[in-house]
Amino acid sequence: MRWTIKPNPDNHKVNELARQLAIDKDLAKLLVLRNIENYKQAKHYFRPSLNDLHNPFLMKDMDIAIEHIEKAINNKENILIYGDYDVDGTTAVSLVYSYLFTSYKNVATYIPDRYDEGYGISYKGIDFASDNDFSLIIALDCGIKAIDKVAYAKSKNIDFIICDHHRPGKKLPNAIAVLDPKREDCNYPYDELCGCGIGFKLIQGLAEKRKQNFDKIIPYLDLVATAIAADIVPITGENRVLAYFGLQVINTIPRTGIKALIQNIKKDQLNITDVVFTIAPRINAAGRIKHGIHAVTLLTETDFEIAQKYASEIEQFNLNRKELDKQITKEALQQIVENNEEKDYTSVVFDKNWHKGVIGIVASRLIENYYRPTLVFTKSGDKLAASARSIKGFDVYNAIQECGEFIEQFGGHKYAAGLTLKPENYVKFKEKFEEVVKKSIPKELLTPEITVDTEIYLTNITPKFHRIIKQFGPFGPQNMKPVFLATGLRDNGFGKKIGKEGEHLKLSIISGADQKTYNAIGFGLGEKYDLISNGNSFKAVFTIEENHWNGITSLQLNIKDIKAEN
């Protein structure tokens, strides 16, 4: 692994901030590295406020969208809430539907079938709307490139309001309103909202227009926090405020469906990582294994007993998903070896029998083994469909775009994308993608990077220090949990390999002349045991975490990598 230590910030700024906040220099340095340089910025950071949310009407077309929805309601039109089948899409649909349904009953939901219809707006979905007398479709987390589909809907007298966060193409669909902060002509102050975040801005606009107190829409923030966590958007600015208060809702008054999902998690307070690894995969599993509408049904249910039944079904979907992704990952790795592609700049694999619902997860698993831009293809109707995943610092969206001559449909963002192509173009696409990446990727990006915030003495890691670090959360892209470097470390002789195959390390570390021991765990670092044995001196990069054991809470170092002392 590459260790990249962030450049030291301006020392004067660090000292001044430490003085203003009455904190030690290590903490002040971490804050300045996050562009927090004075008391006012620190107050915004440590005490997020709902007053920091932007006016929804700053978003292009928001006023048009609100006016049209109210007009449709006054005319007693049927409204269809349409969204993608992943976490962001299903939470967005659940949010807008449940808000509207509290005061208006002529509203329904639609999630496309991943296998029959594919990603985004489908002709089948529009036909469903037409057959059932829907005259307005509100599309969430999709639609920004659905020019032909929106035109088709218009021919059937169906209006569209699009709420999306993906990059627009050169032309926008001819919808009543297009809400997307990534529009070039949109001056909304924050353009990193997820699809559910755009949905929340829509109901915020509706609530303002209806002169409702903001408290009325706070309960919907559990869905927004879940989508922010799952969609891996930056946890900065408005996203950080939404995630912060959304976690409070999850931990105090979660909606019935989320309560049913988390009832077996034996933890007092869930953090963003818990949402990523417990709530999100289960919601996603519905669309991967069965149908995304199961997730919406759960998230909009108000009867706890019924919600428990839905949650147990989704739990089974998730268990099936785990088995599938394990098996397909094994087959994909085997394919890379058999084709002698271990030294390629990309991983592009295909099998017609692979389950379309898990190929995105498999792409991420392959990156854990071969760290490079990856696409996993399977058969979808008469075409091939792929999920793409990238590595830190490389824009896979742009690389795929350069292979556009071989692609039928395509969408996504810098680190994840989806596409379809004709079977006869698979080999040509694979060769061109390898060529594009080889030509454009800096060689160092092909080695996984750990970004280190600062070097620290272990003696400075105190309960008070950690209490303040915890307040840096919620953590996520562009506001990651601080990573520290410590040198001159030794194991006290009790370090050992743990796990079924000795794949992890458990250490008791001594630092320099300090004879105090520091507990540490290194997941997946069992192979580095020789570096820490026999009193060898080593250096490590790590985060600081709480370890809960037998009712006792203590601090431990979660080691990300170890190297011999030079």
# chains A, B, ... in the order shown; residues from 1 in each chain; ligands from 1
$ residues_around --residues "range 310-324 of chain A" --least-positions-apart "6" --cutoff "9 Å" --atoms "only C-alpha atoms" --output "JSON, numbers by chain"
{"A": [257, 258, 260, 261, 281, 282, 283, 284, 285, 286, 288, 289, 290, 294, 295, 297, 298, 354, 355, 357, 358]}
$ write_last_selection --atoms "C-alpha atoms" --output "compact mmCIF listing (two decimals), in the first residue's frame"
# COMPACT_ATOMS: atom_id res chain seq x y z
CA GLY A 257 -39.70 -0.19 8.46
CA ILE A 258 -36.23 0.89 9.59
CA ALA A 260 -38.00 -3.53 11.97
CA LEU A 261 -34.70 -3.80 10.07
CA PRO A 281 -27.36 -3.89 2.07
CA ARG A 282 -30.73 -5.19 3.21
CA ILE A 283 -32.67 -2.47 1.40
CA ASN A 284 -30.50 -3.07 -1.68
CA ALA A 285 -31.03 -6.84 -1.51
CA ALA A 286 -34.72 -6.45 -2.39
CA ARG A 288 -30.96 -7.27 -6.35
CA ILE A 289 -32.68 -10.58 -5.62
CA LYS A 290 -36.43 -10.02 -6.00
CA HIS A 294 -40.32 -4.81 -1.56
CA ALA A 295 -38.01 -2.17 -0.06
CA THR A 297 -43.32 -1.54 0.84
CA LEU A 298 -41.22 -2.01 3.98
CA TRP A 354 -24.21 -14.41 -13.50
CA HIS A 355 -27.00 -12.82 -11.47
CA GLY A 357 -28.42 -8.12 -9.12
CA VAL A 358 -24.96 -8.72 -7.63
$ residues_around --residues "range 106-114 of chain A" --least-positions-apart "5" --cutoff "6 Å" --atoms "only C-alpha atoms" --output "list in words"
Asn78, Ile79, Leu80, Ile81, Tyr82, Gly83, Tyr85 and Ile293 of chain A
$ select_by_dssp --residues "range 145-242 of chain A" --states "helix (DSSP H, G or I)" --output "PyMOL selection string"
chain A and resi 147-155+195-209+214-231+237-242
$ write_last_selection --atoms "N, CA and C atoms" --output "compact mmCIF listing (two decimals), in the first residue's frame"
# COMPACT_ATOMS: atom_id res chain seq x y z
N ILE A 147 -34.45 11.31 -22.45
CA ILE A 147 -35.05 12.24 -23.41
C ILE A 147 -36.16 11.55 -24.21
N ASP A 148 -35.88 10.38 -24.77
CA ASP A 148 -36.88 9.67 -25.59
C ASP A 148 -38.06 9.20 -24.76
N LYS A 149 -37.79 8.74 -23.53
CA LYS A 149 -38.85 8.21 -22.67
C LYS A 149 -39.81 9.34 -22.25
N VAL A 150 -39.25 10.50 -21.93
CA VAL A 150 -40.09 11.62 -21.52
C VAL A 150 -40.95 12.09 -22.71
N ALA A 151 -40.34 12.07 -23.90
CA ALA A 151 -41.10 12.43 -25.11
C ALA A 151 -42.24 11.42 -25.34
N TYR A 152 -41.94 10.14 -25.12
CA TYR A 152 -42.96 9.09 -25.26
C TYR A 152 -44.10 9.32 -24.27
N ALA A 153 -43.74 9.67 -23.03
CA ALA A 153 -44.76 9.94 -22.00
C ALA A 153 -45.64 11.12 -22.42
N LYS A 154 -45.00 12.16 -22.96
CA LYS A 154 -45.74 13.35 -23.39
C LYS A 154 -46.77 13.00 -24.46
N SER A 155 -46.38 12.03 -25.35
CA SER A 155 -47.30 11.62 -26.41
C SER A 155 -48.54 10.91 -25.83
N GLY A 195 -29.94 11.28 -4.71
CA GLY A 195 -31.30 11.33 -5.24
C GLY A 195 -32.33 11.56 -4.15
N CYS A 196 -32.17 10.87 -3.01
CA CYS A 196 -33.10 11.04 -1.90
C CYS A 196 -32.98 12.45 -1.31
N GLY A 197 -31.76 13.00 -1.37
CA GLY A 197 -31.55 14.39 -0.93
C GLY A 197 -32.34 15.37 -1.78
N ILE A 198 -32.36 15.13 -3.10
CA ILE A 198 -33.16 15.99 -4.00
C ILE A 198 -34.65 15.82 -3.65
N GLY A 199 -35.06 14.57 -3.38
CA GLY A 199 -36.44 14.31 -2.97
C GLY A 199 -36.79 15.08 -1.70
N PHE A 200 -35.82 15.15 -0.76
CA PHE A 200 -36.07 15.89 0.48
C PHE A 200 -36.21 17.37 0.19
N LYS A 201 -35.39 17.92 -0.70
CA LYS A 201 -35.51 19.34 -1.05
C LYS A 201 -36.89 19.61 -1.67
N LEU A 202 -37.40 18.64 -2.44
CA LEU A 202 -38.73 18.79 -3.03
C LEU A 202 -39.80 18.89 -1.95
N ILE A 203 -39.75 17.99 -0.94
CA ILE A 203 -40.79 18.06 0.10
C ILE A 203 -40.54 19.27 1.02
N GLN A 204 -39.28 19.71 1.13
CA GLN A 204 -39.00 20.94 1.89
C GLN A 204 -39.66 22.13 1.19
N GLY A 205 -39.56 22.14 -0.16
CA GLY A 205 -40.21 23.20 -0.93
C GLY A 205 -41.72 23.16 -0.79
N LEU A 206 -42.28 21.95 -0.84
CA LEU A 206 -43.73 21.79 -0.68
C LEU A 206 -44.17 22.25 0.72
N ALA A 207 -43.38 21.86 1.73
CA ALA A 207 -43.73 22.24 3.11
C ALA A 207 -43.70 23.76 3.27
N GLU A 208 -42.69 24.41 2.66
CA GLU A 208 -42.60 25.87 2.75
C GLU A 208 -43.79 26.53 2.06
N LYS A 209 -44.12 26.01 0.87
CA LYS A 209 -45.25 26.57 0.10
C LYS A 209 -46.54 26.41 0.90
N PHE A 214 -41.07 23.30 9.79
CA PHE A 214 -40.02 22.40 9.32
C PHE A 214 -40.01 21.09 10.12
N ASP A 215 -40.43 21.15 11.38
CA ASP A 215 -40.46 19.94 12.23
C ASP A 215 -41.26 18.81 11.58
N LYS A 216 -42.22 19.17 10.74
CA LYS A 216 -43.09 18.18 10.12
C LYS A 216 -42.31 17.24 9.19
N ILE A 217 -41.19 17.73 8.62
CA ILE A 217 -40.44 16.90 7.66
C ILE A 217 -39.16 16.30 8.25
N ILE A 218 -38.86 16.61 9.51
CA ILE A 218 -37.67 16.02 10.15
C ILE A 218 -37.74 14.48 10.18
N PRO A 219 -38.93 13.86 10.46
CA PRO A 219 -38.98 12.40 10.50
C PRO A 219 -38.55 11.70 9.21
N TYR A 220 -38.53 12.43 8.09
CA TYR A 220 -38.13 11.83 6.81
C TYR A 220 -36.61 11.74 6.67
N LEU A 221 -35.89 12.33 7.61
CA LEU A 221 -34.42 12.38 7.48
C LEU A 221 -33.75 11.02 7.72
N ASP A 222 -34.46 10.06 8.33
CA ASP A 222 -33.85 8.72 8.47
C ASP A 222 -33.61 8.12 7.08
N LEU A 223 -34.53 8.37 6.16
CA LEU A 223 -34.38 7.88 4.78
C LEU A 223 -33.22 8.59 4.08
N VAL A 224 -33.10 9.90 4.30
CA VAL A 224 -32.05 10.67 3.65
C VAL A 224 -30.67 10.23 4.13
N ALA A 225 -30.53 10.05 5.44
CA ALA A 225 -29.24 9.60 5.99
C ALA A 225 -28.86 8.23 5.45
N THR A 226 -29.84 7.34 5.31
CA THR A 226 -29.59 6.00 4.78
C THR A 226 -29.09 6.09 3.33
N ALA A 227 -29.73 6.95 2.55
CA ALA A 227 -29.32 7.11 1.14
C ALA A 227 -27.93 7.74 1.01
N ILE A 228 -27.65 8.75 1.85
CA ILE A 228 -26.33 9.40 1.83
C ILE A 228 -25.24 8.38 2.13
N ALA A 229 -25.49 7.55 3.14
CA ALA A 229 -24.51 6.52 3.53
C ALA A 229 -24.31 5.51 2.40
N ALA A 230 -25.41 5.05 1.82
CA ALA A 230 -25.34 3.99 0.81
C ALA A 230 -24.77 4.47 -0.51
N ASP A 231 -25.06 5.72 -0.88
CA ASP A 231 -24.68 6.21 -2.21
C ASP A 231 -23.25 6.77 -2.25
N GLY A 237 -20.87 19.89 3.79
CA GLY A 237 -21.95 20.85 3.56
C GLY A 237 -23.31 20.33 3.96
N GLU A 238 -24.26 20.47 3.03
CA GLU A 238 -25.65 20.11 3.30
C GLU A 238 -25.81 18.61 3.59
N ASN A 239 -25.04 17.77 2.91
CA ASN A 239 -25.11 16.31 3.17
C ASN A 239 -24.75 15.99 4.61
N ARG A 240 -23.77 16.72 5.15
CA ARG A 240 -23.35 16.44 6.53
C ARG A 240 -24.45 16.81 7.52
N VAL A 241 -25.12 17.92 7.26
CA VAL A 241 -26.24 18.32 8.12
C VAL A 241 -27.37 17.29 8.05
N LEU A 242 -27.71 16.89 6.82
CA LEU A 242 -28.80 15.91 6.63
C LEU A 242 -28.45 14.57 7.27
$ closest_residue --among "A:Ala332, A:Ile407, A:Val362, A:Leu53" --to "Val349 in chain A" --atoms "only C-alpha atoms"
A:Ala332
$ atom_distance --atom1 "CA of Lys71 in chain A" --atom2 "CA of His165 in chain A"
25.0 Å
